[in-house]
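Below: the structure, in structure tokens.
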Amino acid sequence: MPIDTLPELTTAYPVSDGDVTAYRANGHVRLAQVATREEAAAYRDPIAAAVERLSTETRPLAERDSYGMAFLQVMNLWRHDEDVARFVMASRFAGVAAQLLGVPRVRLYHDQALFKEPGGGYTPWHQDAMYWPLDGSRCLTMWMPLVDITPDHGGLAFATGSHADGPLSDIGISDASEEHFDRLLAERGLVADEPVAMQAGDASFHSGWTVHKALGNTSTQMREVMTVIWFADGLPVLEPANPAQVNDLASWLPGLTPGDVAASDANPVLPR
């Protein structure tokens, strides 16, 4: 679809005080029709085409580990496709992120498509910010299905309130992280907010430290989800705390070193 026919995604989304309160108390919030179903459908084709073009995963599901079975993951599509960039840079989405964080502006960290194939495995419990050399409490992720989904497609579950204590593990997404967080959630009495049915264009937003997971895809349909990660403008780059953060610093904050303001050419400040 030529870029001039795609929806603008510039009209503001009405984030309520209750939405902000829920996000800050729980570490996550689900919002209806952040993009309309028609808008999500318009962007579905260019995003899916970019995933097909850029994905390097060729192994059958049976030959992959738990991480590999969890999803087809393609990152920073905005750097490769103008149509996808229009979605990722949308002021409507950045405006929601800024309001939930309570900041004037946000910067893009990176995007990632997370397509879970039919028969794809579960995504183990994890904290996103374990991978980021940034203050995870000042970062958040939007998770938006581009097709209607039920929990059986691989819906997202959150451990409500788990963001409050910051980093809870340095274990990457794996069976080991699932076991660690299963035990920790039980010890702390944290309750899982289970997956729900979502329409194309609905979205969840979660803090960098919110523990979350996704179910396996037991349906016959690909779960097509696009995510965008932002952080508050003005954050400093932190000293990497693990090898994953060393990799993220080089990949998503190119040319920067600890102590620099996180503002590389790959992290544009976005209007709201």
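Ligands are numbered from 1 in the order shown, residues from 1 within each chain, and chains are lettered A, B, ... in the order they appear in the structure tokens.
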Spatial neighbours of Leu185 of chain A, 10 Å, only C-alpha atoms, chain gap at least 4 places, as a list in words: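 Contacts, in chain order: Ala159, Thr160, Ser162, His180, Phe181, Gly189, Leu190, Val191, Ala192 and Val211 of chain A.
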Determine, for each residue of segment 212-241 of chain A having at least one atom at most 9 Å from an atom of segment 134-145 of chain A, the closest pair of atoms and their separation in Å to one decimal, counting only C-alpha atoms; order by chain and ascending number, as JSON lines.
```
{"residue": "A:Arg223", "atom": "CA", "partner": "A:Pro145", "partner_atom": "CA", "distance": 7.4}
{"residue": "A:Glu224", "atom": "CA", "partner": "A:Pro145", "partner_atom": "CA", "distance": 5.8}
{"residue": "A:Val225", "atom": "CA", "partner": "A:Pro145", "partner_atom": "CA", "distance": 4.2}
{"residue": "A:Met226", "atom": "CA", "partner": "A:Met144", "partner_atom": "CA", "distance": 5.4}
{"residue": "A:Thr227", "atom": "CA", "partner": "A:Trp143", "partner_atom": "CA", "distance": 4.6}
{"residue": "A:Val228", "atom": "CA", "partner": "A:Met142", "partner_atom": "CA", "distance": 5.3}
{"residue": "A:Ile229", "atom": "CA", "partner": "A:Thr141", "partner_atom": "CA", "distance": 4.4}
{"residue": "A:Trp230", "atom": "CA", "partner": "A:Cys139", "partner_atom": "CA", "distance": 5.7}
{"residue": "A:Phe231", "atom": "CA", "partner": "A:Cys139", "partner_atom": "CA", "distance": 4.2}
{"residue": "A:Ala232", "atom": "CA", "partner": "A:Arg138", "partner_atom": "CA", "distance": 5.8}
{"residue": "A:Leu235", "atom": "CA", "partner": "A:Leu134", "partner_atom": "CA", "distance": 7.2}
{"residue": "A:Pro236", "atom": "CA", "partner": "A:Leu134", "partner_atom": "CA", "distance": 7.0}
{"residue": "A:Val237", "atom": "CA", "partner": "A:Leu134", "partner_atom": "CA", "distance": 5.6}
{"residue": "A:Leu238", "atom": "CA", "partner": "A:Leu134", "partner_atom": "CA", "distance": 5.5}
{"residue": "A:Glu239", "atom": "CA", "partner": "A:Leu134", "partner_atom": "CA", "distance": 8.6}
{"residue": "A:Pro240", "atom": "CA", "partner": "A:Leu134", "partner_atom": "CA", "distance": 8.6}
```
Point out the residue among A:Ala266, A:Met130, A:Leu156, A:Ala186 with the least atom-to-atom distance to Val246 of chain A, counting only C-alpha atoms.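 The answer is A:Met130, which sits nearest to Val246 of chain A.
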In Å, rounded to a single decimal, give me how far atom CA of Thr10 of chain A is from atom CA of Val269 of chain A. 15.3 Å
Point-to-point distance in Å for atom CA of Tyr23 of chain A and atom CA of Asp182 of chain A: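 Between atom CA of Asp182 of chain A and atom CA of Tyr23 of chain A the gap is 22.4 Å.
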Close residues, Ala90 of chain A itself excluded, 9 Å, only C-alpha atoms, min 4 positions apart in chain, as a PyMOL selection string: chain A and resi 8-10+85-86+94-95+270-272
Give me, as a ChimeraX atom specification, all polymer residues having an atom no more than 10 Å from Glu39 of chain A, counting only C-alpha atoms and skipping those fewer than 6 positions away in the same chain. /A:6-9,33,87,146,200-201
Can I get the selection written as a PDB file, in the first residue's frame, with all heavy atoms?
```pdb
ATOM      1  N   LEU A   6      -2.111   5.469   3.616  1.00  0.00           N
ATOM      2  CA  LEU A   6      -2.199   4.933   4.970  1.00  0.00           C
ATOM      3  C   LEU A   6      -2.777   5.966   5.926  1.00  0.00           C
ATOM      4  O   LEU A   6      -2.551   7.168   5.766  1.00  0.00           O
ATOM      5  CB  LEU A   6      -0.816   4.501   5.459  1.00  0.00           C
ATOM      6  CG  LEU A   6      -0.251   3.247   4.792  1.00  0.00           C
ATOM      7  CD1 LEU A   6       1.212   3.068   5.153  1.00  0.00           C
ATOM      8  CD2 LEU A   6      -1.055   2.011   5.200  1.00  0.00           C
ATOM      9  N   PRO A   7      -3.503   5.538   6.952  1.00  0.00           N
ATOM     10  CA  PRO A   7      -4.055   6.481   7.927  1.00  0.00           C
ATOM     11  C   PRO A   7      -2.946   7.250   8.636  1.00  0.00           C
ATOM     12  O   PRO A   7      -1.838   6.735   8.841  1.00  0.00           O
ATOM     13  CB  PRO A   7      -4.808   5.569   8.906  1.00  0.00           C
ATOM     14  CG  PRO A   7      -5.020   4.291   8.185  1.00  0.00           C
ATOM     15  CD  PRO A   7      -3.888   4.145   7.228  1.00  0.00           C
ATOM     16  N   GLU A   8      -3.265   8.470   9.040  1.00  0.00           N
ATOM     17  CA  GLU A   8      -2.260   9.354   9.632  1.00  0.00           C
ATOM     18  C   GLU A   8      -1.872   8.985  11.055  1.00  0.00           C
ATOM     19  O   GLU A   8      -0.732   9.176  11.473  1.00  0.00           O
ATOM     20  CB  GLU A   8      -2.779  10.801   9.616  1.00  0.00           C
ATOM     21  CG  GLU A   8      -2.869  11.416   8.219  1.00  0.00           C
ATOM     22  CD  GLU A   8      -1.500  11.717   7.631  1.00  0.00           C
ATOM     23  OE1 GLU A   8      -0.504  11.731   8.381  1.00  0.00           O
ATOM     24  OE2 GLU A   8      -1.421  11.919   6.421  1.00  0.00           O
ATOM     25  N   LEU A   9      -2.822   8.510  11.861  1.00  0.00           N
ATOM     26  CA  LEU A   9      -2.576   8.171  13.273  1.00  0.00           C
ATOM     27  C   LEU A   9      -2.045   9.376  14.059  1.00  0.00           C
ATOM     28  O   LEU A   9      -1.165   9.248  14.917  1.00  0.00           O
ATOM     29  CB  LEU A   9      -1.585   6.998  13.389  1.00  0.00           C
ATOM     30  CG  LEU A   9      -1.995   5.687  12.707  1.00  0.00           C
ATOM     31  CD1 LEU A   9      -0.878   4.660  12.805  1.00  0.00           C
ATOM     32  CD2 LEU A   9      -3.282   5.130  13.308  1.00  0.00           C
ATOM     33  N   GLN A  33      -9.108   0.080  21.157  1.00  0.00           N
ATOM     34  CA  GLN A  33      -9.086   0.804  19.888  1.00  0.00           C
ATOM     35  C   GLN A  33      -8.162   2.028  19.922  1.00  0.00           C
ATOM     36  O   GLN A  33      -8.531   3.132  19.552  1.00  0.00           O
ATOM     37  CB  GLN A  33     -10.502   1.190  19.474  1.00  0.00           C
ATOM     38  CG  GLN A  33     -11.391  -0.011  19.180  1.00  0.00           C
ATOM     39  CD  GLN A  33     -10.918  -0.826  17.981  1.00  0.00           C
ATOM     40  OE1 GLN A  33     -11.247  -0.497  16.843  1.00  0.00           O
ATOM     41  NE2 GLN A  33     -10.118  -1.890  18.212  1.00  0.00           N
ATOM     42  N   PHE A  87       3.749   3.981  11.169  1.00  0.00           N
ATOM     43  CA  PHE A  87       3.050   3.388  12.316  1.00  0.00           C
ATOM     44  C   PHE A  87       3.865   3.591  13.592  1.00  0.00           C
ATOM     45  O   PHE A  87       3.340   4.055  14.616  1.00  0.00           O
ATOM     46  CB  PHE A  87       2.842   1.897  12.038  1.00  0.00           C
ATOM     47  CG  PHE A  87       2.158   1.128  13.130  1.00  0.00           C
ATOM     48  CD1 PHE A  87       0.786   0.934  13.112  1.00  0.00           C
ATOM     49  CD2 PHE A  87       2.882   0.568  14.176  1.00  0.00           C
ATOM     50  CE1 PHE A  87       0.142   0.204  14.109  1.00  0.00           C
ATOM     51  CE2 PHE A  87       2.265  -0.158  15.179  1.00  0.00           C
ATOM     52  CZ  PHE A  87       0.896  -0.332  15.148  1.00  0.00           C
ATOM     53  N   LEU A 146      -2.660  -6.887  15.379  1.00  0.00           N
ATOM     54  CA  LEU A 146      -3.124  -6.368  14.092  1.00  0.00           C
ATOM     55  C   LEU A 146      -4.286  -7.176  13.559  1.00  0.00           C
ATOM     56  O   LEU A 146      -4.860  -6.833  12.518  1.00  0.00           O
ATOM     57  CB  LEU A 146      -1.964  -6.378  13.087  1.00  0.00           C
ATOM     58  CG  LEU A 146      -0.719  -5.617  13.529  1.00  0.00           C
ATOM     59  CD1 LEU A 146       0.413  -5.842  12.525  1.00  0.00           C
ATOM     60  CD2 LEU A 146      -1.005  -4.131  13.699  1.00  0.00           C
ATOM     61  N   ALA A 200      -8.344  -6.216  16.779  1.00  0.00           N
ATOM     62  CA  ALA A 200      -7.270  -5.533  16.068  1.00  0.00           C
ATOM     63  C   ALA A 200      -7.313  -4.047  16.412  1.00  0.00           C
ATOM     64  O   ALA A 200      -8.372  -3.417  16.333  1.00  0.00           O
ATOM     65  CB  ALA A 200      -7.429  -5.734  14.569  1.00  0.00           C
ATOM     66  N   GLY A 201      -6.180  -3.490  16.830  1.00  0.00           N
ATOM     67  CA  GLY A 201      -6.110  -2.073  17.194  1.00  0.00           C
ATOM     68  C   GLY A 201      -6.238  -1.805  18.682  1.00  0.00           C
ATOM     69  O   GLY A 201      -5.897  -0.713  19.139  1.00  0.00           O
TER      70      GLY A 201
END
```
Which one of A:Ala203, A:Ala244, A:Leu253, A:Ile47 sits closest to Ile173 of chain A if you count only C-alpha atoms?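 Smallest distance to Ile173 of chain A is found for A:Ala244.
You can rank A:Ala49, A:Val106, A:Ala241, A:Arg30 by their closest distance to Val196 of chain A using only C-alpha atoms, and at the top of that list sits A:Arg30.
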Residue with smallest distance to Asp128 of chain A - pool A:Gln99, A:Gln199, A:Gln245, A:Gln73, counting only C-alpha atoms: A:Gln245
Do you have the atom CA of His126 of chain A-atom CA of Ser207 of chain A distance handy? 12.0 Å
Among segment 97-249 of chain A, which ones does DSSP place in strand (DSSP E), written as an MDAnalysis selection string? chainID A and resid 106:116 123:126 139:145 156:159 192:193 203:207 212:214 223:232
Would you kindly return, as a short mmCIF file (atom, residue, chain, number, x, y, z; two decimals) with C-alpha atoms, in the first residue's frame, each protein, DNA or RNA residue with an atom no farther than 10 Å from any atom of Arg24 of chain A, considering only C-alpha atoms and excluding same-chain residues fewer than 4 positions away?
```
data_model
loop_
_atom_site.label_atom_id
_atom_site.label_comp_id
_atom_site.auth_asym_id
_atom_site.auth_seq_id
_atom_site.Cartn_x
_atom_site.Cartn_y
_atom_site.Cartn_z
CA GLY A 18 -8.26 6.23 35.51
CA ASP A 19 -6.08 4.75 32.75
CA VAL A 20 -3.03 6.57 34.12
CA HIS A 28 0.06 -2.33 32.90
CA VAL A 29 -3.18 -1.19 31.29
CA LEU A 100 1.14 7.14 31.04
CA LEU A 101 4.73 7.98 31.98
CA GLY A 102 3.79 11.54 32.98
CA SER A 137 10.56 2.43 35.31
CA GLY A 161 2.20 -4.86 40.73
CA HIS A 163 6.95 -3.44 38.44
CA ALA A 164 7.16 -1.81 41.87
CA HIS A 206 3.31 -2.19 30.31
CA SER A 207 6.23 -0.84 32.29
#
```
Apply DSSP to the structure's backbone, then extract all residues of segment 182-248 of chain A labelled helix (DSSP H, G or I) and return them as a ChimeraX atom specification. /A:182-188,243-248
Now that the selection is made, can you save its residues with all heavy atoms as a short mmCIF file (atom, residue, chain, number, x, y, z; two decimals), in the first residue's frame?
```cif
data_model
loop_
_atom_site.label_atom_id
_atom_site.label_comp_id
_atom_site.auth_asym_id
_atom_site.auth_seq_id
_atom_site.Cartn_x
_atom_site.Cartn_y
_atom_site.Cartn_z
N ASP A 182 7.69 -17.94 38.35
CA ASP A 182 6.61 -18.72 38.98
C ASP A 182 6.82 -18.78 40.49
O ASP A 182 5.88 -18.58 41.28
CB ASP A 182 6.58 -20.14 38.41
CG ASP A 182 5.65 -20.29 37.21
OD1 ASP A 182 4.79 -19.40 37.00
OD2 ASP A 182 5.78 -21.29 36.49
N ARG A 183 8.04 -19.06 40.89
CA ARG A 183 8.36 -19.16 42.31
C ARG A 183 8.24 -17.80 42.99
O ARG A 183 7.65 -17.68 44.07
CB ARG A 183 9.77 -19.73 42.48
CG ARG A 183 10.21 -19.95 43.92
CD ARG A 183 11.52 -20.70 43.99
NE ARG A 183 12.60 -19.97 43.31
CZ ARG A 183 13.14 -20.32 42.14
NH1 ARG A 183 12.68 -21.38 41.50
NH2 ARG A 183 14.11 -19.62 41.62
N LEU A 184 8.79 -16.76 42.35
CA LEU A 184 8.79 -15.43 42.96
C LEU A 184 7.37 -14.89 43.10
O LEU A 184 7.02 -14.30 44.13
CB LEU A 184 9.63 -14.48 42.10
CG LEU A 184 9.84 -13.07 42.64
CD1 LEU A 184 11.25 -12.58 42.31
CD2 LEU A 184 8.81 -12.09 42.07
N LEU A 185 6.52 -15.08 42.08
CA LEU A 185 5.14 -14.58 42.16
C LEU A 185 4.39 -15.27 43.30
O LEU A 185 3.62 -14.62 44.03
CB LEU A 185 4.43 -14.81 40.83
CG LEU A 185 4.47 -13.66 39.82
CD1 LEU A 185 5.90 -13.24 39.48
CD2 LEU A 185 3.74 -14.07 38.53
N ALA A 186 4.64 -16.57 43.46
CA ALA A 186 3.98 -17.29 44.55
C ALA A 186 4.47 -16.79 45.91
O ALA A 186 3.67 -16.58 46.83
CB ALA A 186 4.23 -18.79 44.40
N GLU A 187 5.76 -16.57 46.03
CA GLU A 187 6.32 -16.10 47.30
C GLU A 187 5.79 -14.72 47.68
O GLU A 187 5.55 -14.45 48.86
CB GLU A 187 7.85 -16.05 47.20
CG GLU A 187 8.53 -17.40 47.11
CD GLU A 187 10.01 -17.32 46.82
OE1 GLU A 187 10.51 -16.19 46.55
OE2 GLU A 187 10.67 -18.36 46.84
N ARG A 188 5.59 -13.87 46.68
CA ARG A 188 5.17 -12.49 46.95
C ARG A 188 3.66 -12.30 46.89
O ARG A 188 3.16 -11.20 47.12
CB ARG A 188 5.86 -11.54 45.97
CG ARG A 188 7.38 -11.57 46.09
CD ARG A 188 8.04 -10.46 45.34
NE ARG A 188 9.49 -10.45 45.58
CZ ARG A 188 10.28 -9.41 45.43
NH1 ARG A 188 9.76 -8.25 45.03
NH2 ARG A 188 11.57 -9.49 45.65
N PRO A 243 25.41 -8.98 29.96
CA PRO A 243 25.76 -9.02 28.53
C PRO A 243 24.62 -8.60 27.61
O PRO A 243 24.87 -8.02 26.55
CB PRO A 243 26.14 -10.49 28.32
CG PRO A 243 26.62 -10.95 29.65
CD PRO A 243 25.74 -10.25 30.65
N ALA A 244 23.38 -8.89 28.00
CA ALA A 244 22.25 -8.49 27.16
C ALA A 244 22.17 -6.98 27.03
O ALA A 244 21.87 -6.44 25.95
CB ALA A 244 20.95 -9.04 27.75
N GLN A 245 22.45 -6.26 28.11
CA GLN A 245 22.42 -4.80 28.06
C GLN A 245 23.60 -4.25 27.26
O GLN A 245 23.48 -3.19 26.62
CB GLN A 245 22.39 -4.22 29.47
CG GLN A 245 21.08 -4.49 30.19
CD GLN A 245 20.97 -3.80 31.54
OE1 GLN A 245 21.78 -2.95 31.89
NE2 GLN A 245 19.96 -4.17 32.31
N VAL A 246 24.73 -4.93 27.28
CA VAL A 246 25.86 -4.54 26.42
C VAL A 246 25.43 -4.60 24.96
O VAL A 246 25.68 -3.69 24.17
CB VAL A 246 27.08 -5.44 26.67
CG1 VAL A 246 28.18 -5.15 25.64
CG2 VAL A 246 27.61 -5.26 28.08
N ASN A 247 24.73 -5.68 24.61
CA ASN A 247 24.26 -5.85 23.23
C ASN A 247 23.22 -4.79 22.87
O ASN A 247 23.26 -4.21 21.77
CB ASN A 247 23.67 -7.24 23.06
CG ASN A 247 23.15 -7.48 21.66
OD1 ASN A 247 23.91 -7.59 20.71
ND2 ASN A 247 21.83 -7.55 21.52
N ASP A 248 22.29 -4.52 23.79
CA ASP A 248 21.25 -3.52 23.51
C ASP A 248 21.85 -2.13 23.36
O ASP A 248 21.40 -1.34 22.52
CB ASP A 248 20.20 -3.52 24.62
CG ASP A 248 18.94 -4.25 24.22
OD1 ASP A 248 19.06 -5.26 23.50
OD2 ASP A 248 17.84 -3.83 24.62
#
```
Of the candidates A:Leu256, A:Ala97, A:Ala48, A:Met89, which one gets nearest to Ser204 of chain A if we count only C-alpha atoms? A:Ala97
Which residues, written as number ranges by chain, have at least one atom at most 9 Å from Asp233 of chain A, with only C-alpha atoms counted and residues fewer than 6 positions away on the same chain left out? A: 103-107, 261-263, 269
Would you put the residues from that selection into a file with all heavy atoms, as an mmCIF file, in the first residue's frame?
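Printed below is out02.cif as written:
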```cif
data_model
loop_
_atom_site.group_PDB
_atom_site.id
_atom_site.type_symbol
_atom_site.label_atom_id
_atom_site.label_comp_id
_atom_site.auth_asym_id
_atom_site.auth_seq_id
_atom_site.Cartn_x
_atom_site.Cartn_y
_atom_site.Cartn_z
ATOM 1 N N VAL A 103 5.308 12.400 31.301
ATOM 2 C CA VAL A 103 6.432 13.199 30.806
ATOM 3 C C VAL A 103 5.988 14.012 29.588
ATOM 4 O O VAL A 103 5.000 13.667 28.922
ATOM 5 C CB VAL A 103 7.625 12.298 30.435
ATOM 6 C CG1 VAL A 103 8.119 11.534 31.660
ATOM 7 C CG2 VAL A 103 7.277 11.320 29.310
ATOM 8 N N PRO A 104 6.709 15.097 29.273
ATOM 9 C CA PRO A 104 6.321 15.913 28.113
ATOM 10 C C PRO A 104 6.512 15.195 26.788
ATOM 11 O O PRO A 104 5.720 15.368 25.857
ATOM 12 C CB PRO A 104 7.245 17.136 28.205
ATOM 13 C CG PRO A 104 7.763 17.157 29.592
ATOM 14 C CD PRO A 104 7.802 15.730 30.038
ATOM 15 N N ARG A 105 7.582 14.403 26.674
ATOM 16 C CA ARG A 105 7.919 13.763 25.403
ATOM 17 C C ARG A 105 8.578 12.415 25.666
ATOM 18 O O ARG A 105 9.196 12.202 26.717
ATOM 19 C CB ARG A 105 8.919 14.621 24.595
ATOM 20 C CG ARG A 105 8.377 15.942 24.092
ATOM 21 C CD ARG A 105 9.494 16.811 23.532
ATOM 22 N NE ARG A 105 10.562 17.025 24.523
ATOM 23 C CZ ARG A 105 10.494 17.899 25.502
ATOM 24 N NH1 ARG A 105 9.431 18.651 25.649
ATOM 25 N NH2 ARG A 105 11.505 18.023 26.355
ATOM 26 N N VAL A 106 8.477 11.550 24.672
ATOM 27 C CA VAL A 106 9.180 10.270 24.718
ATOM 28 C C VAL A 106 10.070 10.140 23.488
ATOM 29 O O VAL A 106 9.874 10.815 22.477
ATOM 30 C CB VAL A 106 8.202 9.068 24.771
ATOM 31 C CG1 VAL A 106 7.434 9.057 26.077
ATOM 32 C CG2 VAL A 106 7.247 9.073 23.572
ATOM 33 N N ARG A 107 11.051 9.254 23.622
ATOM 34 C CA ARG A 107 11.897 8.881 22.500
ATOM 35 C C ARG A 107 11.662 7.410 22.163
ATOM 36 O O ARG A 107 11.311 6.603 23.031
ATOM 37 C CB ARG A 107 13.380 9.098 22.819
ATOM 38 C CG ARG A 107 13.803 10.549 22.795
ATOM 39 C CD ARG A 107 15.303 10.704 23.007
ATOM 40 N NE ARG A 107 15.685 12.106 22.957
ATOM 41 C CZ ARG A 107 16.059 12.753 21.853
ATOM 42 N NH1 ARG A 107 16.113 12.087 20.703
ATOM 43 N NH2 ARG A 107 16.376 14.017 21.896
ATOM 44 N N VAL A 261 23.279 11.217 27.475
ATOM 45 C CA VAL A 261 21.827 11.276 27.328
ATOM 46 C C VAL A 261 21.431 10.331 26.211
ATOM 47 O O VAL A 261 22.074 10.291 25.145
ATOM 48 C CB VAL A 261 21.363 12.710 27.013
ATOM 49 C CG1 VAL A 261 19.865 12.737 26.726
ATOM 50 C CG2 VAL A 261 21.701 13.641 28.164
ATOM 51 N N ALA A 262 20.402 9.535 26.445
ATOM 52 C CA ALA A 262 19.951 8.547 25.458
ATOM 53 C C ALA A 262 19.242 9.268 24.319
ATOM 54 O O ALA A 262 18.027 9.470 24.351
ATOM 55 C CB ALA A 262 19.035 7.525 26.118
ATOM 56 N N ALA A 263 20.015 9.655 23.333
ATOM 57 C CA ALA A 263 19.458 10.477 22.244
ATOM 58 C C ALA A 263 20.262 10.283 20.968
ATOM 59 O O ALA A 263 20.706 11.250 20.352
ATOM 60 C CB ALA A 263 19.453 11.948 22.656
ATOM 61 N N VAL A 269 13.085 11.840 19.094
ATOM 62 C CA VAL A 269 12.052 12.327 20.000
ATOM 63 C C VAL A 269 10.774 12.428 19.191
ATOM 64 O O VAL A 269 10.782 12.822 18.017
ATOM 65 C CB VAL A 269 12.453 13.674 20.631
ATOM 66 C CG1 VAL A 269 12.540 14.789 19.598
ATOM 67 C CG2 VAL A 269 11.508 14.050 21.764
#
```
Which residue gives the smallest distance to Gly166 of chain A among A:Glu194, A:Trp132, A:Gly208, A:Asp148, with only C-alpha atoms counted? A:Gly208
Determine, counting only C-alpha atoms, which protein, DNA and RNA residues have an atom within 10 Å of an atom of Met75 of chain A; residues of the same chain fewer than 5 positions away are not included. Present the result as an MDAnalysis selection string. chainID A and resid 51 54:55 80 110:114 226:228 252
Output of the above residues as an mmCIF file, in the first residue's frame, restricted to C-alpha atoms:
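Written output follows (out_10.cif):
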```
data_model
loop_
_atom_site.group_PDB
_atom_site.id
_atom_site.type_symbol
_atom_site.label_atom_id
_atom_site.label_comp_id
_atom_site.auth_asym_id
_atom_site.auth_seq_id
_atom_site.Cartn_x
_atom_site.Cartn_y
_atom_site.Cartn_z
ATOM 1 C CA VAL A 51 8.292 -9.469 8.743
ATOM 2 C CA LEU A 54 13.318 -9.495 7.129
ATOM 3 C CA SER A 55 12.820 -12.581 9.307
ATOM 4 C CA HIS A 80 13.745 -0.706 6.784
ATOM 5 C CA HIS A 110 12.928 0.312 19.117
ATOM 6 C CA ASP A 111 10.013 -1.547 17.600
ATOM 7 C CA GLN A 112 9.555 -5.260 17.188
ATOM 8 C CA ALA A 113 7.045 -7.436 15.417
ATOM 9 C CA LEU A 114 6.123 -10.511 17.458
ATOM 10 C CA MET A 226 3.357 -5.142 16.615
ATOM 11 C CA THR A 227 5.133 -3.591 19.576
ATOM 12 C CA VAL A 228 6.764 -0.214 20.119
ATOM 13 C CA TRP A 252 19.575 0.430 19.958
#
```
